[in-house]
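Asker: Enclosed is the structure file run.cif (mmCIF, C-alpha atoms).
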data_input
#
loop_
_atom_site.label_atom_id
_atom_site.label_comp_id
_atom_site.auth_asym_id
_atom_site.auth_seq_id
_atom_site.Cartn_x
_atom_site.Cartn_y
_atom_site.Cartn_z
CA ARG A 1 170.38 38.48 83.60
CA CYS A 2 170.74 42.21 84.15
CA CYS A 3 171.36 41.75 87.82
CA SER A 4 174.07 39.14 87.27
CA SER A 5 176.18 41.64 85.29
CA TRP A 6 176.62 43.84 88.33
CA SER A 7 179.41 43.28 90.84
CA PRO A 8 180.55 45.31 93.88
CA ASN A 9 183.79 47.23 93.72
CA PRO A 10 186.85 46.22 95.82
CA VAL A 11 186.28 48.90 98.47
CA GLN A 12 182.79 47.55 99.17
CA ILE A 13 184.17 43.99 99.34
CA PHE A 14 186.81 45.18 101.82
CA TYR A 15 184.21 46.85 104.02
CA SER A 16 181.83 43.90 103.99
CA ILE A 17 184.56 41.31 104.85
CA LYS A 18 187.02 43.19 107.08
CA LEU A 19 184.68 45.52 108.96
CA GLN A 20 181.60 43.25 109.08
CA LEU A 21 179.27 45.82 107.64
CA VAL A 22 175.63 45.55 106.92
CA PHE A 23 176.30 45.57 103.18
CA LYS A 24 176.19 41.80 102.85
CA THR A 25 172.65 41.51 104.17
CA PHE A 26 171.70 44.73 102.42
CA TYR A 27 172.88 43.51 98.99
CA PHE A 28 171.11 40.17 99.30
CA THR A 29 167.89 41.89 100.37
CA ILE A 30 168.08 44.34 97.47
CA ALA A 31 168.85 41.53 95.01
CA ARG A 32 165.83 39.48 96.14
CA SER A 33 163.47 42.46 96.11
CA THR A 34 164.75 43.56 92.70
CA MET A 35 164.13 40.13 91.15
CA SER A 36 160.66 39.81 92.67
CA LEU A 37 159.40 43.33 92.02
CA ASN A 38 161.02 44.14 88.70
CA GLN A 39 160.73 40.97 86.63
CA ASN A 40 158.63 42.68 83.96
CA LYS A 41 160.24 46.12 84.12
CA PRO A 42 162.72 47.44 81.55
CA GLN A 43 166.29 46.31 81.82
CA ALA A 44 167.60 49.85 82.27
CA HIS A 45 165.35 50.43 85.28
CA VAL A 46 166.55 47.26 87.02
CA MET A 47 170.18 48.20 86.37
CA ALA A 48 169.54 51.67 87.79
CA THR A 49 168.04 50.08 90.92
CA ALA A 50 171.07 47.84 91.36
CA ALA A 51 173.42 50.78 90.81
CA ALA A 52 171.56 52.80 93.45
CA ALA A 53 171.93 49.91 95.90
CA ALA A 54 175.64 49.69 95.14
CA ALA A 55 176.07 53.39 95.87
CA ALA A 56 174.85 53.05 99.46
CA PRO A 57 177.38 54.51 101.94
CA GLY A 58 179.84 52.30 103.79
CA LEU A 59 180.93 52.25 107.41
CA MET A 60 183.34 55.17 107.15
CA GLN A 61 180.66 57.30 105.51
CA GLN A 62 178.18 56.42 108.27
CA ILE A 63 180.76 57.35 110.90
CA GLY A 64 181.53 60.57 109.00
CA MET A 65 177.85 61.52 108.87
CA ALA A 66 177.44 60.78 112.59
CA GLY A 67 180.52 62.86 113.43
CA SER A 68 179.31 65.78 111.31
CA ALA A 69 175.92 65.77 113.03
CA ALA A 70 177.59 65.62 116.45
CA VAL A 71 180.08 68.46 115.84
CA ILE A 72 177.35 70.75 114.49
CA THR A 73 175.14 69.99 117.49
CA VAL A 74 177.76 70.47 120.21
CA SER A 75 178.67 73.91 118.86
CA PHE A 76 175.24 75.14 119.97
CA ILE A 77 174.75 72.97 123.07
CA HIS A 78 178.18 73.41 124.71
CA PRO A 79 177.19 76.27 127.10
CA ILE A 80 174.64 73.95 128.76
CA ASP A 81 177.40 71.38 129.25
CA VAL A 82 179.59 74.01 130.94
CA VAL A 83 176.78 74.87 133.37
CA LYS A 84 176.06 71.18 134.06
CA THR A 85 179.72 70.40 134.76
CA ARG A 86 180.20 73.40 137.06
CA ILE A 87 177.13 72.36 139.09
CA GLN A 88 178.37 68.78 139.39
CA VAL A 89 181.86 69.59 140.64
CA SER A 90 181.08 72.54 142.92
CA PRO A 91 178.57 72.76 145.80
CA GLU A 92 178.70 76.55 145.34
CA TYR A 93 177.42 76.34 141.78
CA ALA A 94 174.98 73.60 142.79
CA ALA A 95 173.45 76.01 145.32
CA LEU A 96 173.17 78.74 142.68
CA GLY A 97 171.28 76.53 140.23
CA MET A 98 171.30 76.88 136.45
CA GLY A 99 170.34 80.56 136.29
CA GLY A 100 172.72 81.59 139.06
CA THR A 101 175.59 79.63 137.54
CA VAL A 102 175.11 81.26 134.15
CA LYS A 103 174.97 84.69 135.76
CA LYS A 104 178.13 84.14 137.82
CA VAL A 105 180.16 82.61 134.97
CA VAL A 106 179.21 85.34 132.50
CA GLY A 107 179.64 88.07 135.09
CA THR A 108 183.08 87.02 136.34
CA GLU A 109 184.57 85.28 133.29
CA GLY A 110 182.77 86.78 130.29
CA VAL A 111 180.32 85.39 127.75
CA LEU A 112 182.98 83.36 125.94
CA ALA A 113 183.54 81.37 129.14
CA MET A 114 180.34 79.51 128.22
CA TRP A 115 182.30 77.97 125.33
CA LYS A 116 185.38 76.97 127.35
CA GLY A 117 186.63 73.63 126.10
CA VAL A 118 184.54 73.65 122.93
CA ASN A 119 187.55 72.67 120.79
CA ALA A 120 188.07 69.60 122.98
CA ALA A 121 184.33 68.95 122.69
CA TRP A 122 184.60 68.99 118.88
CA LEU A 123 187.38 66.39 119.01
CA ARG A 124 185.38 64.31 121.48
CA GLU A 125 182.30 64.32 119.27
CA ALA A 126 184.35 63.56 116.15
CA SER A 127 185.73 60.44 117.84
CA TYR A 128 183.23 59.29 120.47
CA THR A 129 179.85 60.21 119.00
CA SER A 130 180.79 59.40 115.42
CA LEU A 131 181.50 55.81 116.52
CA ARG A 132 178.55 55.33 118.88
CA LEU A 133 176.08 56.52 116.22
CA GLY A 134 177.85 55.19 113.14
CA LEU A 135 178.40 51.71 114.59
CA TYR A 136 174.85 51.22 115.89
CA GLU A 137 173.42 49.53 112.79
CA PRO A 138 176.43 47.24 112.18
CA CYS A 139 176.21 46.25 115.87
CA LYS A 140 172.50 45.52 115.47
CA ILE A 141 173.32 43.11 112.66
CA ALA A 142 176.04 41.52 114.82
CA PHE A 143 173.47 40.97 117.60
CA GLY A 144 171.09 39.27 115.18
CA CYS A 145 168.69 42.12 114.38
CA THR A 146 168.13 41.08 110.78
CA THR A 147 164.30 41.05 110.66
CA PRO A 148 161.57 42.92 112.59
CA GLU A 149 160.57 39.64 114.23
CA ASN A 150 163.93 38.98 115.87
CA THR A 151 164.74 42.63 116.63
CA THR A 152 163.94 43.04 120.34
CA PHE A 153 164.43 46.01 122.65
CA LEU A 154 167.18 44.16 124.55
CA LYS A 155 169.10 43.50 121.33
CA LYS A 156 168.79 47.17 120.38
CA PHE A 157 170.04 48.13 123.85
CA ALA A 158 172.96 45.70 123.56
CA ALA A 159 173.89 47.07 120.13
CA GLY A 160 173.77 50.65 121.38
CA SER A 161 175.82 49.73 124.45
CA ALA A 162 178.50 48.01 122.37
CA ALA A 163 178.78 51.00 120.03
CA GLY A 164 178.91 53.35 123.02
CA ALA A 165 181.71 51.39 124.70
CA LEU A 166 183.86 51.46 121.55
CA GLY A 167 183.24 55.17 121.12
CA SER A 168 184.10 56.01 124.73
CA ILE A 169 187.50 54.31 124.47
CA ALA A 170 188.36 56.50 121.48
CA GLY A 171 186.95 59.71 122.98
CA ASN A 172 188.09 59.47 126.62
CA PRO A 173 191.27 61.62 126.25
CA PHE A 174 189.25 64.47 124.74
CA ASP A 175 186.57 64.00 127.40
CA VAL A 176 189.17 64.50 130.15
CA LEU A 177 190.54 67.62 128.43
CA LYS A 178 187.05 69.03 127.90
CA THR A 179 186.09 68.53 131.56
CA ARG A 180 189.28 70.21 132.83
CA MET A 181 188.89 73.15 130.45
CA MET A 182 185.22 73.70 131.32
CA THR A 183 185.91 73.79 135.07
CA ALA A 184 188.88 76.20 134.76
CA GLU A 185 187.76 79.46 136.37
CA GLY A 186 189.06 82.90 135.44
CA LYS A 187 188.69 85.20 132.45
CA GLY A 188 191.37 83.50 130.42
CA SER A 189 190.27 80.53 128.34
CA PRO A 190 192.69 77.58 128.64
CA SER A 191 194.13 76.22 125.41
CA ILE A 192 193.72 72.57 124.52
CA MET A 193 197.46 72.14 123.91
CA GLY A 194 198.34 73.81 127.21
CA THR A 195 195.84 71.65 129.08
CA ALA A 196 197.14 68.49 127.39
CA LYS A 197 200.79 69.35 128.17
CA ASP A 198 199.95 70.08 131.81
CA LEU A 199 198.02 66.82 132.13
CA LEU A 200 200.83 64.83 130.53
CA ALA A 201 203.47 66.45 132.72
CA HIS A 202 201.64 65.82 136.00
CA GLN A 203 199.80 62.57 135.36
CA GLY A 204 201.43 60.96 132.34
CA VAL A 205 199.57 59.19 129.55
CA GLY A 206 197.33 57.52 132.14
CA GLY A 207 195.87 60.92 132.96
CA PHE A 208 194.12 60.98 129.59
CA TYR A 209 192.32 57.78 130.56
CA ARG A 210 191.30 58.89 134.02
CA GLY A 211 187.74 57.79 134.67
CA ILE A 212 187.79 55.35 131.73
CA ASP A 213 185.86 52.71 133.71
CA SER A 214 183.03 55.07 134.61
CA ASN A 215 183.11 56.60 131.14
CA ILE A 216 182.64 53.21 129.47
CA MET A 217 179.79 52.35 131.85
CA ARG A 218 178.21 55.73 131.22
CA ALA A 219 178.59 55.40 127.45
CA MET A 220 177.05 51.92 127.45
CA VAL A 221 174.04 53.02 129.50
CA LEU A 222 173.70 56.29 127.58
CA ASN A 223 173.96 54.91 124.07
CA GLY A 224 172.01 51.76 124.89
CA THR A 225 169.16 53.86 126.29
CA LYS A 226 169.39 56.48 123.56
CA MET A 227 169.40 54.22 120.51
CA ALA A 228 167.05 51.55 121.88
CA CYS A 229 164.47 54.11 123.11
CA TYR A 230 164.75 56.12 119.89
CA ASP A 231 164.38 53.02 117.74
CA GLN A 232 161.53 51.61 119.83
CA THR A 233 159.63 54.90 120.17
CA LYS A 234 159.95 55.47 116.46
CA GLY A 235 158.22 52.15 115.82
CA TYR A 236 155.38 53.08 118.19
CA VAL A 237 154.92 56.50 116.58
CA VAL A 238 154.75 54.95 113.11
CA GLN A 239 152.37 52.23 114.34
CA TYR A 240 149.91 54.46 116.20
CA THR A 241 150.00 57.66 114.13
CA GLY A 242 150.60 56.38 110.62
CA LEU A 243 153.48 58.81 110.14
CA ALA A 244 156.45 57.71 108.07
CA LYS A 245 159.82 56.88 109.63
CA THR A 246 161.35 59.65 107.54
CA SER A 247 158.92 62.26 108.95
CA LEU A 248 160.57 65.02 110.97
CA VAL A 249 157.68 64.80 113.44
CA THR A 250 158.38 61.09 114.00
CA GLN A 251 162.09 61.73 114.47
CA PHE A 252 161.47 64.69 116.80
CA ILE A 253 159.05 62.84 119.11
CA SER A 254 161.30 59.78 119.25
CA ALA A 255 164.43 61.83 119.99
CA VAL A 256 162.73 63.83 122.77
CA ALA A 257 161.55 60.61 124.44
CA ALA A 258 165.04 59.10 124.14
CA GLY A 259 166.56 62.24 125.69
CA PHE A 260 164.33 62.01 128.78
CA PHE A 261 165.01 58.32 129.45
CA MET A 262 168.73 58.92 128.87
CA THR A 263 168.76 61.55 131.60
CA CYS A 264 167.09 59.19 134.07
CA THR A 265 169.56 56.35 133.51
CA VAL A 266 172.77 58.29 132.84
CA SER A 267 172.77 61.00 135.54
CA PRO A 268 174.47 58.86 138.25
CA PHE A 269 177.19 57.69 135.84
CA ASP A 270 177.67 61.24 134.58
CA MET A 271 178.18 62.48 138.14
CA VAL A 272 180.76 59.77 138.90
CA ARG A 273 182.59 60.34 135.61
CA THR A 274 182.81 64.10 136.20
CA ARG A 275 184.08 63.67 139.76
CA LEU A 276 186.77 61.18 138.67
CA MET A 277 187.96 63.26 135.74
CA ASN A 278 188.12 66.47 137.75
CA GLN A 279 189.84 65.28 140.93
CA PRO A 280 193.33 66.79 141.44
CA ALA A 281 196.40 64.64 140.83
CA ASP A 282 197.88 65.40 144.28
CA ALA A 283 194.68 64.64 146.22
CA LYS A 284 193.13 61.43 144.98
CA VAL A 285 189.68 61.32 146.55
CA TYR A 286 188.26 58.36 144.62
CA SER A 287 190.18 55.24 143.59
CA ASN A 288 187.71 54.02 140.96
CA ALA A 289 184.10 54.29 139.80
CA GLY A 290 182.76 51.90 142.46
CA ASP A 291 184.56 53.79 145.24
CA CYS A 292 183.19 57.07 143.89
CA PHE A 293 179.61 55.73 143.87
CA ILE A 294 179.90 54.51 147.47
CA LYS A 295 181.50 57.69 148.82
CA ILE A 296 178.98 59.99 147.13
CA ILE A 297 176.04 57.99 148.51
CA LYS A 298 177.60 57.71 151.99
CA ASN A 299 178.83 61.29 152.37
CA GLU A 300 176.34 63.29 150.32
CA GLY A 301 173.27 61.09 149.99
CA PRO A 302 171.97 59.01 147.05
CA LEU A 303 170.07 61.91 145.47
CA THR A 304 173.43 63.62 144.87
CA LEU A 305 173.89 61.16 142.01
CA TRP A 306 171.08 63.01 140.25
CA ARG A 307 172.43 66.48 141.07
CA GLY A 308 172.27 68.55 137.92
CA PHE A 309 169.34 66.53 136.52
CA LEU A 310 167.71 69.61 134.95
CA PRO A 311 170.86 70.90 133.21
CA ILE A 312 171.65 67.37 132.06
CA TRP A 313 168.14 67.04 130.63
CA SER A 314 168.39 70.55 129.19
CA ARG A 315 171.52 69.36 127.40
CA PHE A 316 170.35 65.88 126.42
CA ALA A 317 166.96 66.94 125.04
CA PRO A 318 168.22 69.39 122.38
CA THR A 319 171.46 67.45 121.80
CA THR A 320 169.68 64.16 121.14
CA THR A 321 166.99 65.78 119.01
CA ILE A 322 169.29 67.89 116.83
CA GLN A 323 171.92 65.16 116.57
CA LEU A 324 169.55 62.38 115.51
CA VAL A 325 167.49 64.55 113.16
CA ILE A 326 170.63 65.83 111.37
CA PHE A 327 172.02 62.28 111.22
CA GLU A 328 168.75 60.97 109.76
CA GLN A 329 168.65 63.73 107.14
CA LEU A 330 172.27 63.08 106.15
CA ARG A 331 171.41 59.39 105.74
CA VAL A 332 168.59 60.31 103.38
CA LEU A 333 170.91 62.58 101.37
CA MET A 334 173.42 59.73 101.10
CA GLY A 335 170.79 57.30 99.86
CA MET A 336 170.33 55.30 103.06
CA LYS A 337 167.07 54.22 104.60
CA SER A 338 165.86 55.72 107.86
CA MET A 339 166.97 53.97 111.07
#
Rewrite the structure of this file - the entire thing - as structure tokens.
Answerer:
Amino acid sequence: RCCSSWSPNPVQIFYSIKLQLVFKTFYFTIARSTMSLNQNKPQAHVMATAAAAAAAPGLMQQIGMAGSAAVITVSFIHPIDVVKTRIQVSPEYAALGMGGTVKKVVGTEGVLAMWKGVNAAWLREASYTSLRLGLYEPCKIAFGCTTPENTTFLKKFAAGSAAGALGSIAGNPFDVLKTRMMTAEGKGSPSIMGTAKDLLAHQGVGGFYRGIDSNIMRAMVLNGTKMACYDQTKGYVVQYTGLAKTSLVTQFISAVAAGFFMTCTVSPFDMVRTRLMNQPADAKVYSNAGDCFIKIIKNEGPLTLWRGFLPIWSRFAPTTTIQLVIFEQLRVLMGMKSM
């Protein structure tokens, strides 16, 4: 009787119908567990349980939490991204390696050069990463991951890939701006508005979507690997160690494993994306992602696709770990269960 007096507010109805959120399944699960576990408990306690379930965050809150975690993380990790990008686009920096690249950039352009393009990176994370993390669980539900029995690794990978593709479409313009700003040499730091105006003037609106094909492929492989490996590893850690899903140790081990496998699968796509986004407008070297793959393998050898593996891993490992741990902790603070 107490449970029947509760009804969701209009905003929650809007989210569950229009945005296909996980609320519908979540509410039904909570209602069943409440009736079975609290039949003999006081009425006030049952109503409090239902109210707590109703207060669970919606899609926009999940996306907001994911974006917050991503922006905080990239503020610290951005210098590694600058080094990685310089190595990928320049044989000179590739020959210097990570240490030599850092020394040359700092020596000739100043310490702040290590944060070139960080404002574009913030916008990218607020659009791209907020969607690829925030949409993962709704996508899992869409792919039929409603119980542990029917939640397979391939379904997790598909859900992560779908979320990654949607995020990359939103974040591609900022990705292009970030790449151009990071590779700009000289002591002066290019402004995001100046870079955007220059890109628009020389390449039009299409310039902001340069490399979109490779970026979507990269995002699908990256997020599919990241979320599926994190989710799967987390299950193994809980199963074999007895640690809780909410344990920081569980989250740390799972995120580190996900970061390594991400580097293995994403490096070739990252190389192609960087080359496409950084090629000059007046000297089009690659026509598309497939052409870029073929020319790199033919002219520079297949291992070139993994050039910058160490800086990519150096970026992915802390980025994935910090990002996922912060996201998990924000979920707990907002009353959500661990992923």
Asker: List as a list in words the protein and nucleic acid residues near Ala163 in chain A, meaning an atom at most 10 Å away when all atoms listed in the file are counted, but skip any in the same chain fewer than 2 places from it.
Answerer: Tyr128, Thr129, Ser130, Leu131, Arg132, Leu133, Gly134, Leu135, Tyr136, Glu137, Pro138, Cys139, Lys140, Phe157, Ala158, Ala159, Gly160, Ser161, Ala165, Leu166, Gly167, Ser168, Ala219, Met220, Asn223, Gly224 and Met227 of chain A
Asker: Could you give me, as a ChimeraX atom specification, the residues within 12 Å of Thr225 in chain A, counting only C-alpha atoms and dropping anything in the same chain fewer than 5 positions from it?
Answerer: /A:153-164,218-220,230-233,255,257-266,320
Asker: What would the file look like if the residues just selected were written as a PDB file, in the coordinates of the input with C-alpha atoms?
Answerer:
ATOM      1  CA  PHE A 153     164.430  46.010 122.650  1.00  0.00           C
ATOM      2  CA  LEU A 154     167.180  44.160 124.550  1.00  0.00           C
ATOM      3  CA  LYS A 155     169.100  43.500 121.330  1.00  0.00           C
ATOM      4  CA  LYS A 156     168.790  47.170 120.380  1.00  0.00           C
ATOM      5  CA  PHE A 157     170.040  48.130 123.850  1.00  0.00           C
ATOM      6  CA  ALA A 158     172.960  45.700 123.560  1.00  0.00           C
ATOM      7  CA  ALA A 159     173.890  47.070 120.130  1.00  0.00           C
ATOM      8  CA  GLY A 160     173.770  50.650 121.380  1.00  0.00           C
ATOM      9  CA  SER A 161     175.820  49.730 124.450  1.00  0.00           C
ATOM     10  CA  ALA A 162     178.500  48.010 122.370  1.00  0.00           C
ATOM     11  CA  ALA A 163     178.780  51.000 120.030  1.00  0.00           C
ATOM     12  CA  GLY A 164     178.910  53.350 123.020  1.00  0.00           C
ATOM     13  CA  ARG A 218     178.210  55.730 131.220  1.00  0.00           C
ATOM     14  CA  ALA A 219     178.590  55.400 127.450  1.00  0.00           C
ATOM     15  CA  MET A 220     177.050  51.920 127.450  1.00  0.00           C
ATOM     16  CA  TYR A 230     164.750  56.120 119.890  1.00  0.00           C
ATOM     17  CA  ASP A 231     164.380  53.020 117.740  1.00  0.00           C
ATOM     18  CA  GLN A 232     161.530  51.610 119.830  1.00  0.00           C
ATOM     19  CA  THR A 233     159.630  54.900 120.170  1.00  0.00           C
ATOM     20  CA  ALA A 255     164.430  61.830 119.990  1.00  0.00           C
ATOM     21  CA  ALA A 257     161.550  60.610 124.440  1.00  0.00           C
ATOM     22  CA  ALA A 258     165.040  59.100 124.140  1.00  0.00           C
ATOM     23  CA  GLY A 259     166.560  62.240 125.690  1.00  0.00           C
ATOM     24  CA  PHE A 260     164.330  62.010 128.780  1.00  0.00           C
ATOM     25  CA  PHE A 261     165.010  58.320 129.450  1.00  0.00           C
ATOM     26  CA  MET A 262     168.730  58.920 128.870  1.00  0.00           C
ATOM     27  CA  THR A 263     168.760  61.550 131.600  1.00  0.00           C
ATOM     28  CA  CYS A 264     167.090  59.190 134.070  1.00  0.00           C
ATOM     29  CA  THR A 265     169.560  56.350 133.510  1.00  0.00           C
ATOM     30  CA  VAL A 266     172.770  58.290 132.840  1.00  0.00           C
ATOM     31  CA  THR A 320     169.680  64.160 121.140  1.00  0.00           C
TER      32      THR A 320
END
Asker: If the PyMOL selection byres ((chain A and resi 187) around 9) were run on this exact file, what residues would it hold? Put them as a list in words.
Answerer: Thr108, Glu109, Gly110, Leu112, Ala113, Glu185, Gly186, Gly188 and Ser189 of chain A
Asker: Once the PyMOL selection byres ((chain A and resi 123) around 12) has been applied to the shown file, what residues remain in the selection, as JSON, numbers by chain?
Answerer: {"A": [67, 68, 70, 71, 72, 74, 75, 117, 118, 119, 120, 121, 122, 124, 125, 126, 127, 128, 129, 130, 170, 171, 172, 173, 174, 175, 176, 177, 178, 192]}
Asker: Can you write out the residues you just picked, keeping C-alpha atoms, as a tab-separated table (two decimals), in the frame of the given file?
Answerer:
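Resulting contents of out.tsv:
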chain	number	residue	atom	x	y	z
A	67	GLY	CA	180.52	62.86	113.43
A	68	SER	CA	179.31	65.78	111.31
A	70	ALA	CA	177.59	65.62	116.45
A	71	VAL	CA	180.08	68.46	115.84
A	72	ILE	CA	177.35	70.75	114.49
A	74	VAL	CA	177.76	70.47	120.21
A	75	SER	CA	178.67	73.91	118.86
A	117	GLY	CA	186.63	73.63	126.10
A	118	VAL	CA	184.54	73.65	122.93
A	119	ASN	CA	187.55	72.67	120.79
A	120	ALA	CA	188.07	69.60	122.98
A	121	ALA	CA	184.33	68.95	122.69
A	122	TRP	CA	184.60	68.99	118.88
A	124	ARG	CA	185.38	64.31	121.48
A	125	GLU	CA	182.30	64.32	119.27
A	126	ALA	CA	184.35	63.56	116.15
A	127	SER	CA	185.73	60.44	117.84
A	128	TYR	CA	183.23	59.29	120.47
A	129	THR	CA	179.85	60.21	119.00
A	130	SER	CA	180.79	59.40	115.42
A	170	ALA	CA	188.36	56.50	121.48
A	171	GLY	CA	186.95	59.71	122.98
A	172	ASN	CA	188.09	59.47	126.62
A	173	PRO	CA	191.27	61.62	126.25
A	174	PHE	CA	189.25	64.47	124.74
A	175	ASP	CA	186.57	64.00	127.40
A	176	VAL	CA	189.17	64.50	130.15
A	177	LEU	CA	190.54	67.62	128.43
A	178	LYS	CA	187.05	69.03	127.90
A	192	ILE	CA	193.72	72.57	124.52
Asker: Find the residues around Ile212 in chain A up to 9 Å (only C-alpha atoms counted), leave out those fewer than 2 positions away in its own chain, and share them as a list in words.
Answerer: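 Non-adjacent residues within range: Ser168, Ile169, Asn172, Phe208, Tyr209, Arg210, Ser214, Asn215, Ile216, Met217, Arg273, Met277 and Ala289 of chain A.
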Asker: Using all atoms listed in the file, can you tell me which of A:Phe143, A:Val249, A:Gly211, A:Val82 comes closest to Tyr286 in chain A?
Answerer: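 Looking only at the distances to Tyr286 in chain A, the closest residue turns out to be A:Gly211.
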Asker: May I ask for the distance between CA of Met181 in chain A and CA of Lys295 in chain A, given in Å to one decimal place?
Answerer: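 According to the coordinates, CA of Met181 in chain A and CA of Lys295 in chain A are separated by 25.1 Å.
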Asker: Between A:Trp306, A:Tyr240, A:Phe293, A:Phe316, which one has atoms that come closest to Val256 in chain A, using only C-alpha atoms?
Answerer: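 For Val256 in chain A, the nearest of the candidates is A:Phe316.
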Asker: Record the distance separating CA of Ile63 in chain A and CA of Phe269 in chain A, expressed in Å with one decimal.
Answerer: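 Separation of CA of Ile63 in chain A and CA of Phe269 in chain A: 25.2 Å.
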Asker: Contacts between range 84-103 of chain A and range 143-260 of chain A, please, where a residue of range 143-260 of chain A counts if it comes within 10 Å (with only C-alpha atoms); show its shortest atom pair and distance in Å to one decimal, rows by chain and ascending number, as JSON lines.
Answerer:
{"residue": "A:Thr179", "atom": "CA", "partner": "A:Thr85", "partner_atom": "CA", "distance": 7.4}
{"residue": "A:Arg180", "atom": "CA", "partner": "A:Thr85", "partner_atom": "CA", "distance": 9.8}
{"residue": "A:Met182", "atom": "CA", "partner": "A:Thr85", "partner_atom": "CA", "distance": 7.3}
{"residue": "A:Thr183", "atom": "CA", "partner": "A:Arg86", "partner_atom": "CA", "distance": 6.1}
{"residue": "A:Ala184", "atom": "CA", "partner": "A:Arg86", "partner_atom": "CA", "distance": 9.4}
{"residue": "A:Glu185", "atom": "CA", "partner": "A:Arg86", "partner_atom": "CA", "distance": 9.7}
Asker: Name all residues at most 7 Å from range 321-334 of chain A (count only C-alpha atoms; drop same-chain ones fewer than 4 positions away) and give them as an mmCIF file with C-alpha atoms, in the frame of the given file.
Answerer:
data_model
loop_
_atom_site.group_PDB
_atom_site.id
_atom_site.type_symbol
_atom_site.label_atom_id
_atom_site.label_comp_id
_atom_site.auth_asym_id
_atom_site.auth_seq_id
_atom_site.Cartn_x
_atom_site.Cartn_y
_atom_site.Cartn_z
ATOM 1 C CA PRO A 57 177.380 54.510 101.940
ATOM 2 C CA MET A 65 177.850 61.520 108.870
ATOM 3 C CA ALA A 66 177.440 60.780 112.590
ATOM 4 C CA ALA A 69 175.920 65.770 113.030
ATOM 5 C CA ALA A 70 177.590 65.620 116.450
ATOM 6 C CA THR A 73 175.140 69.990 117.490
ATOM 7 C CA GLN A 251 162.090 61.730 114.470
ATOM 8 C CA PHE A 252 161.470 64.690 116.800
ATOM 9 C CA ALA A 255 164.430 61.830 119.990
ATOM 10 C CA VAL A 256 162.730 63.830 122.770
ATOM 11 C CA ALA A 317 166.960 66.940 125.040
ATOM 12 C CA SER A 338 165.860 55.720 107.860
#
Asker: So what do you get for CA of Lys234 in chain A versus CA of Glu149 in chain A, distance-wise?
Answerer: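 Separation of CA of Lys234 in chain A and CA of Glu149 in chain A: 16.0 Å.
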Asker: Using all atoms listed in the file, which of the listed residues (A:Thr151, A:Leu305, A:Thr246, A:Asp270) sits closest to Met336 in chain A?
Answerer: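 Once distances to Met336 in chain A are computed over all atoms listed in the file, the minimum belongs to A:Thr246.
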Asker: Using only C-alpha atoms, find the one residue out of A:Pro280, A:Gly242, A:Gly235, A:Pro318 that sits nearest to Gln203 in chain A.
Answerer: A:Pro280
